[in-house]
>>> print(open('final.json').read())   # JSON, C-alpha atoms
[["chain", "number", "residue", "atom", "x", "y", "z"],
["M", 1, "MET", "CA", -17.30, 9.78, 44.87],
["M", 2, "THR", "CA", -13.69, 9.10, 43.86],
["M", 3, "ARG", "CA", -12.49, 10.46, 47.18],
["M", 4, "THR", "CA", -14.85, 8.14, 49.05],
["M", 5, "ILE", "CA", -13.60, 5.12, 47.09],
["M", 6, "ALA", "CA", -9.97, 6.08, 47.75],
["M", 7, "ILE", "CA", -10.65, 6.42, 51.49],
["M", 8, "TYR", "CA", -12.31, 3.00, 51.64],
["M", 9, "GLN", "CA", -9.46, 1.41, 49.68],
["M", 10, "ILE", "CA", -6.92, 2.85, 52.09],
["M", 11, "MET", "CA", -8.99, 1.57, 55.02],
["M", 12, "ALA", "CA", -9.12, -1.92, 53.49],
["M", 13, "LEU", "CA", -5.36, -1.99, 52.89],
["M", 14, "MET", "CA", -4.68, -0.78, 56.42],
["M", 15, "GLY", "CA", -6.93, -3.55, 57.74],
["M", 16, "TRP", "CA", -4.98, -6.16, 55.80],
["M", 17, "TRP", "CA", -1.70, -4.69, 57.04],
["M", 18, "ILE", "CA", -2.88, -4.87, 60.66],
["M", 19, "VAL", "CA", -4.01, -8.48, 60.23],
["M", 20, "ALA", "CA", -0.68, -9.43, 58.65],
["M", 21, "ARG", "CA", 1.31, -7.77, 61.43],
["M", 22, "ARG", "CA", -0.69, -9.38, 64.24],
["M", 23, "THR", "CA", 0.09, -12.92, 63.16],
["M", 24, "ASP", "CA", 3.55, -14.34, 63.82],
["M", 25, "GLY", "CA", 4.17, -15.59, 60.33],
["M", 26, "GLY", "CA", 1.98, -13.02, 58.59],
["M", 27, "LEU", "CA", 4.56, -11.61, 56.23],
["M", 28, "GLU", "CA", 5.88, -15.03, 55.23],
["M", 29, "TRP", "CA", 2.30, -16.21, 54.65],
["M", 30, "ILE", "CA", 1.62, -13.19, 52.42],
["M", 31, "GLU", "CA", 4.78, -13.84, 50.42],
["M", 32, "GLU", "CA", 3.81, -17.49, 49.89],
["M", 33, "ASN", "CA", 0.19, -16.70, 48.98],
["M", 34, "ILE", "CA", 0.54, -13.34, 47.24],
["M", 35, "HIS", "CA", -1.90, -14.18, 44.43],
["M", 36, "GLY", "CA", -4.63, -15.14, 46.86],
["M", 37, "VAL", "CA", -3.96, -12.06, 48.98],
["M", 38, "VAL", "CA", -4.22, -9.76, 45.97],
["M", 39, "TYR", "CA", -7.42, -11.44, 44.81],
["M", 40, "ILE", "CA", -9.03, -11.31, 48.25],
["M", 41, "THR", "CA", -7.99, -7.67, 48.78],
["M", 42, "LEU", "CA", -9.34, -6.55, 45.42],
["M", 43, "ALA", "CA", -12.53, -8.58, 45.73],
["M", 44, "THR", "CA", -13.22, -7.30, 49.25],
["M", 45, "THR", "CA", -12.55, -3.72, 48.19],
["M", 46, "MET", "CA", -14.86, -3.99, 45.19],
["M", 47, "LEU", "CA", -17.64, -5.54, 47.29],
["M", 48, "PHE", "CA", -17.31, -2.77, 49.85],
["M", 49, "VAL", "CA", -17.22, -0.02, 47.19],
["M", 50, "THR", "CA", -20.29, -1.52, 45.50],
["M", 51, "PHE", "CA", -22.12, -1.63, 48.83],
["M", 52, "VAL", "CA", -21.27, 2.02, 49.57],
["M", 53, "TYR", "CA", -22.35, 3.05, 46.06],
["M", 54, "ILE", "CA", -25.70, 1.28, 46.45],
["M", 55, "VAL", "CA", -26.29, 2.88, 49.85],
["M", 56, "GLN", "CA", -25.46, 6.35, 48.50],
["M", 57, "TRP", "CA", -27.68, 5.79, 45.45],
["M", 58, "SER", "CA", -30.53, 4.63, 47.68],
["M", 59, "LEU", "CA", -30.18, 7.67, 49.92],
["M", 60, "ASP", "CA", -30.24, 9.96, 46.88],
["M", 61, "LYS", "CA", -33.44, 8.27, 45.70],
["M", 62, "LEU", "CA", -35.05, 8.70, 49.12],
["M", 63, "LYS", "CA", -34.30, 12.43, 49.11],
["M", 64, "GLY", "CA", -36.23, 12.81, 45.88],
["M", 65, "PRO", "CA", -35.64, 15.14, 42.94],
["M", 66, "LYS", "CA", -34.00, 18.49, 43.54]]
>>> encode(input="final.json", output="structure tokens")
Amino acid sequence: MTRTIAIYQIMALMGWWIVARRTDGGLEWIEENIHGVVYITLATTMLFVTFVYIVQWSLDKLKGPK
């Protein structure tokens, strides 16, 4: 499970990096709004990790007891 979370975190950070690089003033915008960027990155990552955990838990429940 830890490996899955780490992979999704790396994917989220890469997505933010791509978005920042595609805009002309992306890096300056990040520097000016670093607190908001950190909050949004962490909140998005936690929402995504929670969603993946719920899906995995649901699939385990559907499989039934071992």
>>> atom_distance(input="final.json", atom1="atom CA of M:Val19", atom2="atom CA of M:Val37")
11.8 Å
>>> residues_around(input="final.json", residues="stretch 4-6 of chain M", least_positions_apart="5", cutoff="9 Å", atoms="only C-alpha atoms", output="PyMOL selection string")
chain M and resi 11+45+49+52
>>> atom_distance(input="final.json", atom1="atom CA of M:Met14", atom2="atom CA of M:Val55")
22.9 Å
>>> closest_residue(input="final.json", among="M:Leu42, M:Ile54, M:Ile30, M:Leu62", to="M:Leu13", atoms="only C-alpha atoms")
M:Leu42
>>> atom_distance(input="final.json", atom1="atom CA of M:Leu47", atom2="atom CA of M:Gly64")
26.2 Å
>>> axis_aligned_box(input="final.json", around="stretch 33-52 of chain M", padding_each_side="5 Å", output="lines of an AutoDock Vina configuration file")
center_x = -10.8
center_y = -7.3
center_z = 47.1
size_x = 32.7
size_y = 28.7
size_z = 15.4
